[in-house]
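J.: Here you go, one structure.
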Amino acid sequence: MKISSPAFYHNGFIPSKYTCDGENINPPLEFSELPRRAMTLVLIVDDPDVPKNVRADGLWYHWLIWNIPAETKGIAENSVPVGIVGQNTRGNKAYGGPCPPQGQHRYFFKLYAMDRAIGLPAEAGIDELRKAMYDHVIAKAELVGLYKRKDLNN
């Protein structure tokens with residue numbers, strides 16, 4: 001299983017268009033080589049480089065989507081895919097682009113193939129989603145993008 005983007009390469013820089021310094025819209029994503037037995041897909045976009053004084057766990061969740069149909073081949077730029085969009089760290093049920101408070105951060109676009117649908121409401125967050133996913137992931141793919149704000153002195 002693979003996840004990629006025509007907007008940036010794996011371990012490459014995310015264009016500012018997709019961040020808080022630009023239009024803050026989701027980048028286009030492409031999915032390929034999905035397992036035939038997948039029932040649904042989950043997409044989690046997170047930043048593990050958050051300063052501990054901002055978040056004690058060092059993690060910021062930018063986008064949570066589950067119950068994406070297994071035949072989905074990607075997500076178009078600036079769109080909401082079919083599925084359930086959960087609450088990100090900001091408490092929004094939407095994509096929230098990179099906006100690091102300091103330095104360069106890594107943004108992980110994680111795609112999971114699931115052997116079942118996830119029975120959670122859109123009000124759910126990452127903790128509930130991870131519990132619901134436990135023991136039901138049949139494949140995982142990852143795309144990493146980098147971003148550093150140009151207007152900050154860090």
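Here's how to read the names in the structure tokens: chain A, B, ... by the order shown, residue numbers from 1 in each chain, ligand numbers from 1 in the order shown.
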Might you pull out every residue within 7 Å of Gly145 in chain A, with only C-alpha atoms counted and same-chain residues fewer than 2 positions away left off, and present them as number ranges by chain?
T.: A: 10-14, 106-108, 143, 147
J.: Measure the distance from CA of Asp46 in chain A to CA of Ala76 in chain A in Å and round it to one decimal.
T.: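 It comes out at 18.9 Å.
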J.: Using backbone DSSP assignments, extract all alpha helix (DSSP H) residues from range 1-129 of chain A; output them as a list in words.
T.: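 Those in range 1-129 of chain A that DSSP calls alpha helix (DSSP H) are Ile126, Asp127, Glu128 and Leu129 of chain A.
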J.: Using only C-alpha atoms, determine which residues lie at most 10 Å from Gly119 in chain A, disregarding the query and same-chain residues fewer than 4 positions distant; provide the list as a VMD selection string.
T.: chain A and resid 66 to 67 129 132 to 133
J.: When you count only C-alpha atoms, which of these residues is closest to Gln104 in chain A: A:Gly22, A:Pro48, A:Thr40, A:Tyr9?
T.: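 Result for the nearest residue to Gln104 in chain A: A:Pro48.
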J.: Quick one: distance from CA of Thr19 in chain A to CA of Gly97 in chain A in Å, one decimal?
T.: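 It comes out at 4.3 Å.
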J.: Using only C-alpha atoms, determine which residues lie at most 8 Å from Asp49 in chain A, disregarding the query and same-chain residues fewer than 5 positions distant; provide the list as a PDB file with N, CA and C atoms, in the first residue's frame.
T.:
ATOM      1  N   GLY A  58       3.874  15.984  22.877  1.00  0.00           N
ATOM      2  CA  GLY A  58       4.667  16.324  21.704  1.00  0.00           C
ATOM      3  C   GLY A  58       3.989  16.046  20.377  1.00  0.00           C
ATOM      4  N   LEU A  59       2.692  15.725  20.394  1.00  0.00           N
ATOM      5  CA  LEU A  59       1.961  15.375  19.172  1.00  0.00           C
ATOM      6  C   LEU A  59       0.838  16.362  18.877  1.00  0.00           C
ATOM      7  N   HIS A 105       9.369  21.152  11.250  1.00  0.00           N
ATOM      8  CA  HIS A 105       8.619  20.011  11.767  1.00  0.00           C
ATOM      9  C   HIS A 105       8.372  19.007  10.660  1.00  0.00           C
ATOM     10  N   ARG A 106       8.118  17.762  11.082  1.00  0.00           N
ATOM     11  CA  ARG A 106       7.751  16.682  10.174  1.00  0.00           C
ATOM     12  C   ARG A 106       6.243  16.451  10.283  1.00  0.00           C
TER      13      ARG A 106
END
J.: What is the CA of Trp60 in chain A to CA of Pro35 in chain A distance in Å?
T.: 28.4 Å
J.: Given the choices A:Val144, A:Ile126, A:Val82, A:Leu29, which gets closest to Tyr61 in chain A if the distance is worked out from only C-alpha atoms?
T.: A:Ile126
J.: Nearest to Glu77 in chain A: which of A:Glu23, A:Asp57, A:Asp47, A:Glu33 is it, counting only C-alpha atoms?
T.: A:Glu23
J.: Could you give me, as a list in words, each residue of range 74-130 of chain A that DSSP assigns to strand (DSSP E or B) when run on this structure's backbone?
T.: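 Restricting range 74-130 of chain A to strand (DSSP E or B) produces Gly74, Ile75, Ile84, Val85, His105, Arg106, Tyr107, Phe108, Phe109, Lys110, Leu111, Tyr112, Ala113 and Met114 of chain A.
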J.: Next, write the just-selected residues to a file, as a compact mmCIF listing (two decimals), in the first residue's frame, keeping C-alpha atoms as the atom set.
T.:
# COMPACT_ATOMS: atom_id res chain seq x y z
CA GLY A 74 -6.94 9.53 -3.22
CA ILE A 75 -8.15 12.86 -1.91
CA ILE A 84 -16.06 10.65 8.86
CA VAL A 85 -13.86 13.62 9.71
CA HIS A 105 8.62 20.01 11.77
CA ARG A 106 7.75 16.68 10.17
CA TYR A 107 4.17 15.97 9.09
CA PHE A 108 3.16 12.33 8.80
CA PHE A 109 0.31 11.44 6.45
CA LYS A 110 -0.55 7.91 7.64
CA LEU A 111 -2.93 5.75 5.66
CA TYR A 112 -4.33 2.59 7.24
CA ALA A 113 -6.28 -0.21 5.57
CA MET A 114 -8.84 -1.63 7.98
J.: Pick out the closest residue to Thr72 in chain A from this set: A:Val137, A:Leu146, A:Ala94, A:Met39. Count only C-alpha atoms.
T.: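 That would be A:Met39, the residue with the smallest distance to Thr72 in chain A.
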J.: Identify, on the basis of only C-alpha atoms, every residue whose closest approach to Asn88 in chain A does not exceed 10 Å; exclude the query and any residue fewer than 2 positions from it along the same chain; express the result as a list in words.
T.: Ile44, Val45, Asp46, Trp60, Tyr61, His62, Trp63, Leu64, Ile65, Val85, Gly86, Arg90, Gly91, Asn92, Lys93, Ala94, Tyr95, Gly96, Glu123, Ala124, Gly125 and Ile126 of chain A
J.: Choose the residue, out of A:Pro51, A:Ile3, A:Asn78, A:Leu43, that has the smallest atom-to-atom separation from Ile25 in chain A; count only C-alpha atoms.
T.: A:Asn78
J.: Taking only C-alpha atoms into account, name the residue in A:Ser32, A:Gln87, A:Ser5, A:Asn24 that is nearest to Glu71 in chain A.
T.: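 So, comparing all the options, the nearest one is A:Ser32.
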